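Below: one structure, written as structure tokens.
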Amino acid sequence: MQLCPELLRRPTLYRIRQGSLAELAGLAIVRVSAAPARSLSGASRWWRVNAGSRYIYKRALRLLRCTATTYSSSLNHQKTRYKLSSRRRTSTQPMMQAAVHVPSTPVLKLDNHFEIPKPGPDQVLIKVQASGICHSDVFLLSQFPDDPRTYIMGHEVSGIAVDLGSNVKDIVKDKRYAVMSIGGCVSCLAKGSSGPLSLPLFGVGSNGGHAEYTVVDASTLVPVPDNVLPEQAAVAADAGTTAWHAVKTTAGIKKGDKVMITGIGGLGLFAVQYAVYLGAEVYAVDMRPSSRELAIKFGAKQAYDLPELDAALQNGFSVDVAIDFVTTDTTFKRDYSAVNKKVFSSELTVSGRIVIVGLSDQNLVINGVDGLLTGIHVLFSLYGLRSDLVEVLDLISKGHIKTVIDKRPLHEVNEAYDDLRANRILSRAVVIPPAFWKDGEN
């Protein structure tokens with residue numbers, strides 16, 4: 001190996017970053033003796049790979065800008081030219097800020113030098129305006145189940161189409177879009193050999209929207225009405241769509257139904273408004289006074305904490321439908337107690353329905369005999385369809401549905417998740433990339 005004279009004049013231990021002398025082998029430690037030489041093959045010259053090295057000695061920074069040509073039998077005697085540099089990357093590809101999920105780590109890694117992706121033939125490059133903070137992400141970050149993949153998190157996103165793939169026809173450049181996180185295909189989740197989380201979904205296994213830019217399939221984009229804010233479009237893409245599908249389609253709520261909604265967070269607050277919009281009489285359940293106040297503000301007839309609900313159940317309170325966005329054994333038992341039971345008479349009445357929406361690892365127990373005799377329907381609802389997102393954006397645009405959204409800069413993404421875990425976020429939260437963040441905004 002031939003090294004530049006300045007590098008050979010002094011013995012130094014160098015830890016060289018990826019992209020420099022050890023580019024083909026990861027990261028290398030190189031030791032150079034004081035005596036000049038032309039090759040690293042002698043006893044006075046040695047080098048070894050250390051893939052875990054992450055630092056550059058300050059003493060070496062000013063010496064690492066030279067060019068070396070190496071001949072190595074371990075590299076099949078191929079002549080390779082490398083540029084030694086203190087920079088992390090030598091790529092000329094533009095960089096962006098991104099929040100990356102790292103395996104076995106409960107927080108996201110903020111990377112300010114992530115390469116901006118390029119769209120494939122059927123893809124679109126989106127300049128992200130807002131990306132939602134979701135309880136599903138908290139579930140994944142809790143390491144249950146353990147996710148061994150490294151990717152940019154964030155699955156509810158809105159932004160501007162800035163670059164189109166060669167096959168993309170129906171997307172307009174510079175127009176705003178919301179991104180469907182499962183692409184309108186819920187049934188495809190069942191094909192995962194190790195469960196749905198084994199599939200590379202947008203922001204869950206493959207790169208998502210907690211970044212300045214993201215690449216998505218053109219088929220997942222839904223136009224955003226002009227009067228819908230970026231943060232509203234982002235939460236509509238997941239929370240709004242999931243709640244609308246659960247209320248309208250899975251629960252089949254109609255005018256005059258009595259509905260109990262448990263968990264008045266981001267999805268639950270949408271659900272309260274949807275049920276009211278469809279003409280139902282709504283009862284909300286949440287332990288937080290602020291959430292109960294919001295539910296009443298947005299149309300619920302009554303809001304309970306759990307002790308108050310228990311008292312109401314003892315006094316004969318019942319509903320036609322219970323929709324659960326919390327999904328614990330505790331809430332499920334109350335759902336089961338609240339819904340109307342089948343009445344055996346000359347004609348059987350329609351039995352009550354429990355709709356499970358919340359993501360949980362708890363077992364929900366129901367006695368088989370009770371289930372048969374009461375006829376209660378237990379249904380599960382996951383995400384929604386493209387038509388659901390179109391309808392939700394239209395409802396927001398026309399003012400039928402209101403949103404309560406906490407906004408944070410992208411670099412505070414971990415603090416936002418901490419606040420979500422601690423129930424300090426009232427309804428929904430989004431992170432805003434640097435290009436669209438204004439100081440003092442919230």
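Simple scheme: letters A, B, ... for chains in structure tokens order, numbers from 1 for residues in each chain, numbers from 1 for ligands in the order shown.
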
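Residue neighbourhood of Asp238 (chain A), excluding near-sequence residues (fewer than 4 positions): Gly132, Cys134, His155, Glu156, Val157, Val179, Met180, Ser181, Ala234, Thr242, Ala243, Leu267, Tyr383, Gly384 and Leu389 of chain A, at 9 Å, using only C-alpha atoms.
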
Exercise. Looking only at the backbone, which of the residues in region 152-266 of chain A does DSSP tag as strand (DSSP E), as JSON, numbers by chain?
Worked result: {"A": [152, 157, 158, 159, 160, 161, 162, 163, 164, 176, 177, 178, 179, 201, 202, 205, 206, 213, 214, 215, 216, 217, 221, 222, 223, 258, 259, 260, 261, 262]}

Considering only C-alpha atoms, tabulate each residue of region 239-295 of chain A that lies at most 12 Å from region 410-422 of chain A along with its nearest interatomic pair and the corresponding distance in Å to one decimal; arrange the rows by chain and ascending residue number and present them as JSON lines.
```
{"residue": "A:Gly265", "atom": "CA", "partner": "A:Leu420", "partner_atom": "CA", "distance": 10.0}
{"residue": "A:Gly266", "atom": "CA", "partner": "A:Leu420", "partner_atom": "CA", "distance": 10.6}
{"residue": "A:Arg288", "atom": "CA", "partner": "A:Ala422", "partner_atom": "CA", "distance": 11.8}
```

Write out the residues from the selection above, keeping N, CA and C atoms, as a JSON list (two decimals), in the first residue's frame.
```
[["chain", "number", "residue", "atom", "x", "y", "z"],
["A", 265, "GLY", "N", -58.70, 8.49, 22.88],
["A", 265, "GLY", "CA", -57.44, 9.07, 22.41],
["A", 265, "GLY", "C", -57.63, 9.55, 20.98],
["A", 266, "GLY", "N", -56.59, 9.38, 20.16],
["A", 266, "GLY", "CA", -56.69, 9.84, 18.78],
["A", 266, "GLY", "C", -57.78, 9.14, 18.00],
["A", 288, "ARG", "N", -59.10, 9.55, 31.87],
["A", 288, "ARG", "CA", -58.60, 10.92, 31.92],
["A", 288, "ARG", "C", -59.75, 11.93, 31.86]]
```

### Message
Need the shell around Val247 (chain A): protein/DNA/RNA residues with any atom at most 7 Å away, counting only C-alpha atoms. Skip same-chain ones fewer than 5 positions apart. Format as an MDAnalysis selection string?
### Response
chainID A and resid 252:253 271 274:275

Writer output for current selection, C-alpha atoms, as an mmCIF file, in the first residue's frame:
```cif
data_model
loop_
_atom_site.group_PDB
_atom_site.id
_atom_site.type_symbol
_atom_site.label_atom_id
_atom_site.label_comp_id
_atom_site.auth_asym_id
_atom_site.auth_seq_id
_atom_site.Cartn_x
_atom_site.Cartn_y
_atom_site.Cartn_z
ATOM 1 C CA GLY A 252 -72.442 -1.118 11.199
ATOM 2 C CA ILE A 253 -73.647 1.792 13.302
ATOM 3 C CA ALA A 271 -64.966 7.397 16.599
ATOM 4 C CA TYR A 274 -68.249 9.474 13.478
ATOM 5 C CA ALA A 275 -70.913 7.744 15.585
#
```

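Nearest to Val124 (chain A) of all the residues A:Thr262, A:Ser387, A:Ser166, A:Asn227 is A:Ser166, based on only C-alpha atoms.
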
In Å and to one decimal, CA of Arg334 (chain A) is distant from CA of Asp137 (chain A) by 26.5 Å

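Backbone DSSP over region 203-267 of chain A yields alpha helix (DSSP H) at Pro230, Glu231, Gln232, Ala233, Ala234, Val235, Thr241, Thr242, Ala243, Trp244, Gly266 and Leu267 of chain A.
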
### Task
Do a neighbour search on Leu229 (chain A) at 10 Å with only C-alpha atoms, toss out local chain neighbours closer than 2 positions, and write the hits as an NGL selection string.
:A and (129-130 or 158 or 224-227 or 231-234 or 396-397)

Can I get the selected residues back with C-alpha atoms, as an mmCIF file, in the first residue's frame?
```cif
data_model
loop_
_atom_site.group_PDB
_atom_site.id
_atom_site.type_symbol
_atom_site.label_atom_id
_atom_site.label_comp_id
_atom_site.auth_asym_id
_atom_site.auth_seq_id
_atom_site.Cartn_x
_atom_site.Cartn_y
_atom_site.Cartn_z
ATOM 1 C CA GLN A 129 -45.144 17.685 5.663
ATOM 2 C CA ALA A 130 -46.404 15.739 8.695
ATOM 3 C CA SER A 158 -49.009 13.493 4.246
ATOM 4 C CA VAL A 224 -55.781 16.010 -0.007
ATOM 5 C CA PRO A 225 -58.463 18.723 -0.304
ATOM 6 C CA ASP A 226 -57.043 22.244 -0.344
ATOM 7 C CA ASN A 227 -58.600 23.273 2.988
ATOM 8 C CA GLU A 231 -51.330 17.372 10.037
ATOM 9 C CA GLN A 232 -55.038 16.620 9.560
ATOM 10 C CA ALA A 233 -54.320 14.678 6.380
ATOM 11 C CA ALA A 234 -51.584 12.697 8.133
ATOM 12 C CA ILE A 396 -62.771 16.930 7.595
ATOM 13 C CA SER A 397 -62.879 19.254 4.589
#
```

Using only C-alpha atoms, the residue out of A:His210, A:Asp111, A:Ile116, A:Ile133 with shortest distance to Thr92 (chain A) is A:Ile116
